[in-house]
Amino acid sequence: MAHSESSWIDALSSDDRREQYGRIVRERNEKVHAFLEFDPGRHVSGARSDSAPDAASLRGMPFAVKDNIAVEGFRLSCGSRILEGFTSPYTATAVQHLIDAGAIVVGKTNLDEFGMGSSTENSCYGPTSNPWDATKVAGGSSGGSAAAVAAGMVPFALGSDTGGSVRQPAAFCGVYGLKPTYGSVSRYGLVAYASSLEVIGVASRTVGIAEAVFHAMRGSDMMDQTSMDASAEAVDQAAHEVRTIGVLSGELGLVPAVERAYRLSIERLKKFGYQIREITLPTLEYVVPVYYTIAAAEASANLARFNGIRYGVRPDYAENPDELVRIARDSGFGSEVKLRVLLGTYVLRSGFQDQFYVRAQKIRTAVRNDFARVFNEVDLVLMPVFPTLAFASGGKADALDPFQQKVADRFTSAANLAGLPALSIPVSIEEGLPAGVQLLARSFAEQQLFAVARRMEEEFPAQNPPDFPSKWS
Amino acid sequence: MDKTELAVTAELAHINLKDEEYDSLGRAVDQMIEYFSVMSKVDVEGLEPTTHALLEQNRLRPDELSEMTIADRLVENAPELEGRLIVIPNVL
């Protein structure tokens, strides 16, 4: 077969083509370890529906799903030993919508255990490496999804974004990463980590694909009581043309390469005719401790179900059920998960709840108010995604330790606290690595994000990593 | 955090920590709790806690019977089964 580019919708259109697709992806997976499970022939079938908008553009497209989102017949490890071998008995609503639109799940991608991390090094099944530089992390927690897209293995991959987990790996790998409005996409089938913060998102090769995927998978769902449709008001507002974009003033604490990309994106936006206005968000100073307090608290509640009784791995022998639970959890959870569960348990303990958890939820209201004020002045907000480019994987010189990784979540976690949609956009290649930037909008204003991102894409589309030339487009 | 505090917390979280973990996790927890203390500087007077960023009210569904059709498949995932019952060690 000729190696000139063919279309993604042809990649699985015949036995021969599927075989070739499978071979190329497996080869690439040897290098990046993006997939934990890959089977392009498993062909998850679903009822055809013509109600999904843009259905035509996704029909036949292969896609990957982060391994904390349920797809019937595929495993659901969440990157953890405690769910080793667990096969999902059902499919997440968001995934089902995409299947109904004709897209085809080809595999499950690697992640930081239960979504906890910023590098995918916390996966119990080994890390995912960055397709641009094998010594660097792919980012996290949806590192597998972002890497799979960047390495040309799939045109899009689903992830989950709790504190930046779609946007940051997308920025590290040089692809688009959408975090939708909280509640706009059903969480039914997403293994819960922090229920009030997370949403299923998508890493994609192009803005057009992100938009099509978002429209296909969104919608209020009876199985997720926190899901909702946009109000008529919000729909109206989102149709307005973007005129002004707010940028943070002052020292942002970025490494020079990321600072360059940030300034470059401002210049581009000015060139396109957007009015750039300096804004301040004083509550940004507190978003990281607030985020981690809330996320850890919710995680401790959500992960209580993993006890080796009804599913998952359990020790061969225990004296009594209590022991069984303790041993299962000790041997099944990695250290980052244990840390967050312990932290969460601590901040919810009577005596500490007011000082930590309730206080964090109140400061969260202040963060929402801060953004509401800013969105009275501007249509969108431009922010960096992460203070550094993809950092070195563990043990090497410019690696970030777990604490440093957390503190660096200050730009991404704000959108999760406020429930706002955000899109990370590739801006340039600096020192051989992708640099991105993110745009935030009012709730349900994803259309405005896509509109501006398309302009940016005309100037600088997602690039191919040198080792992974694109085979399909 | 002293070892007793951490032990109580681990007890509540139903996780058996090994001795080495008391040290490493203890330090990591301390670092985070210390980091959280910056929240005490914020004036939270008049602020209500946020639990859902956007929704004002609870969403209800109609009080109608529906069938759970995948019960068998769910039970199949249990590590040890006897018929349709899940086997666990003796409680007593």
# chains A, B, ... in the order shown; residues from 1 in each chain; ligands from 1
call {"tool": "select_by_dssp", "arguments": {"residues": "region 205-383 of chain A", "states": "alpha helix (DSSP H)", "output": "number ranges by chain"}}
result
A: 207-217, 232-238, 256-271, 287-302, 321-332, 335-348, 359-377
call {"tool": "residues_around", "arguments": {"residues": "Glu5 (chain B)", "least_positions_apart": "5", "cutoff": "12 Å", "atoms": "only C-alpha atoms", "output": "ChimeraX atom specification"}}
result
/A:342-343,345-346,349 /B:10-12,22,26,29-30
call {"tool": "write_last_selection", "arguments": {"atoms": "C-alpha atoms", "output": "compact mmCIF listing (two decimals), in the first residue's frame"}}
result
# COMPACT_ATOMS: atom_id res chain seq x y z
CA LEU A 342 -5.47 10.27 53.00
CA LEU A 343 -5.48 14.03 52.43
CA THR A 345 -10.04 11.86 54.49
CA TYR A 346 -8.14 14.28 56.71
CA ARG A 349 -12.62 14.77 59.41
CA ALA B 10 -5.49 5.72 57.45
CA GLU B 11 -7.94 3.78 59.64
CA LEU B 12 -10.81 5.98 58.45
CA TYR B 22 4.17 6.28 57.34
CA GLY B 26 3.41 11.39 56.28
CA VAL B 29 0.59 14.87 53.59
CA ASP B 30 2.33 17.40 55.86
call {"tool": "closest_residue", "arguments": {"among": "A:Gly246, A:Gly41, A:Gly73, A:Gly177", "to": "chain B", "atoms": "only C-alpha atoms"}}
result
A:Gly73
call {"tool": "closest_residue", "arguments": {"among": "B:Arg59, B:His52, B:Ser66, B:Ala28", "to": "Asn416 (chain A)", "atoms": "only C-alpha atoms"}}
result
B:His52
call {"tool": "closest_residue", "arguments": {"among": "A:Ile82, A:Ala64, A:Ala192, A:Val347", "to": "Ala157 (chain A)", "atoms": "only C-alpha atoms"}}
result
A:Ala64
call {"tool": "closest_atom_pairs", "arguments": {"of": "chain B", "to": "chain A", "cutoff": "8 Å", "atoms": "only C-alpha atoms", "output": "tab-separated table"}}
result
residue	atom	partner	partner_atom	distance
B:Thr9	CA	A:Tyr346	CA	6.0
B:Ala10	CA	A:Leu342	CA	6.4
B:Leu12	CA	A:Thr345	CA	7.1
B:Ala13	CA	A:Thr345	CA	6.3
B:His14	CA	A:Arg326	CA	5.1
B:Ile15	CA	A:Arg326	CA	4.6
B:Asn16	CA	A:Arg326	CA	5.2
B:Leu17	CA	A:Asp330	CA	6.6
B:Leu25	CA	A:Leu339	CA	6.2
B:Ala28	CA	A:Leu339	CA	7.2
B:Val29	CA	A:Leu343	CA	6.2
B:Met32	CA	A:Leu343	CA	7.9
B:Ile33	CA	A:Leu343	CA	7.8
B:Tyr35	CA	A:Pro289	CA	6.7
B:Phe36	CA	A:Pro289	CA	5.1
B:Val38	CA	A:Tyr286	CA	7.6
B:Met39	CA	A:Tyr286	CA	6.8
B:Ser40	CA	A:Gln355	CA	7.7
B:Val42	CA	A:Ile363	CA	7.5
B:Val44	CA	A:Lys362	CA	6.3
B:Leu47	CA	A:Lys362	CA	5.4
B:Glu48	CA	A:Lys362	CA	5.5
B:Pro49	CA	A:Lys362	CA	4.1
B:Thr50	CA	A:Gln361	CA	5.2
B:Thr51	CA	A:Ser196	CA	6.4
B:His52	CA	A:Ser196	CA	5.9
B:Ala53	CA	A:Gly419	CA	5.2
B:Leu54	CA	A:Gly419	CA	6.8
B:Leu55	CA	A:Thr226	CA	7.7
B:Arg59	CA	A:Gln225	CA	6.2
B:Leu60	CA	A:Gln225	CA	7.8
B:Arg61	CA	A:Met222	CA	7.5
B:Ile70	CA	A:Pro89	CA	7.6
B:Arg73	CA	A:Pro89	CA	6.0
B:Leu74	CA	A:Pro89	CA	6.4
B:Val75	CA	A:Arg310	CA	7.2
B:Asn77	CA	A:Tyr311	CA	5.2
B:Ala78	CA	A:Tyr311	CA	4.4
B:Pro79	CA	A:Tyr311	CA	6.0
B:Ile86	CA	A:Arg310	CA	7.0
B:Ile88	CA	A:Pro321	CA	6.4
B:Pro89	CA	A:Asn320	CA	5.1
B:Asn90	CA	A:Asn320	CA	5.5
B:Val91	CA	A:Asn320	CA	5.4
B:Leu92	CA	A:Asn320	CA	7.2
call {"tool": "atom_distance", "arguments": {"atom1": "CA of Val8 (chain B)", "atom2": "CA of Glu21 (chain B)"}}
result
14.3 Å
call {"tool": "residues_around", "arguments": {"residues": "Ala238 (chain A)", "least_positions_apart": "6", "cutoff": "12 Å", "atoms": "only C-alpha atoms", "output": "ChimeraX atom specification"}}
result
/A:230-232,379-380,421,441-451
call {"tool": "write_last_selection", "arguments": {"atoms": "C-alpha atoms", "output": "tab-separated table (two decimals), in the first residue's frame"}}
result
chain	number	residue	atom	x	y	z
A	230	ALA	CA	-27.31	25.12	27.69
A	231	SER	CA	-30.03	27.63	28.52
A	232	ALA	CA	-31.50	29.66	25.65
A	379	ASP	CA	-15.50	37.78	25.83
A	380	LEU	CA	-12.67	35.29	26.36
A	421	PRO	CA	-15.06	25.65	29.21
A	441	ALA	CA	-15.06	31.26	27.93
A	442	ARG	CA	-18.32	31.71	29.79
A	443	SER	CA	-20.22	28.52	30.51
A	444	PHE	CA	-21.68	26.93	27.35
A	445	ALA	CA	-19.72	29.32	25.10
A	446	GLU	CA	-17.56	26.63	23.47
A	447	GLN	CA	-18.51	28.03	20.05
A	448	GLN	CA	-16.57	31.18	20.83
A	449	LEU	CA	-13.52	29.13	21.77
A	450	PHE	CA	-13.70	27.23	18.48
A	451	ALA	CA	-14.11	30.45	16.46
call {"tool": "residues_around", "arguments": {"residues": "Ile425 (chain A)", "least_positions_apart": "6", "cutoff": "10 Å", "atoms": "only C-alpha atoms", "output": "ChimeraX atom specification"}}
result
/A:167,170-171,174-178,206-207,265,385,435-439,449,453-454,456-457,460-462
call {"tool": "atom_distance", "arguments": {"atom1": "CA of Leu98 (chain A)", "atom2": "CA of Asp236 (chain A)"}}
result
25.6 Å
call {"tool": "atom_distance", "arguments": {"atom1": "CA of Glu76 (chain B)", "atom2": "CA of Leu83 (chain A)"}}
result
14.0 Å
call {"tool": "select_by_dssp", "arguments": {"residues": "chain B", "states": "strand (DSSP E)", "output": "list in words"}}
result
Leu81, Glu82, Leu85 and Ile86 of chain B
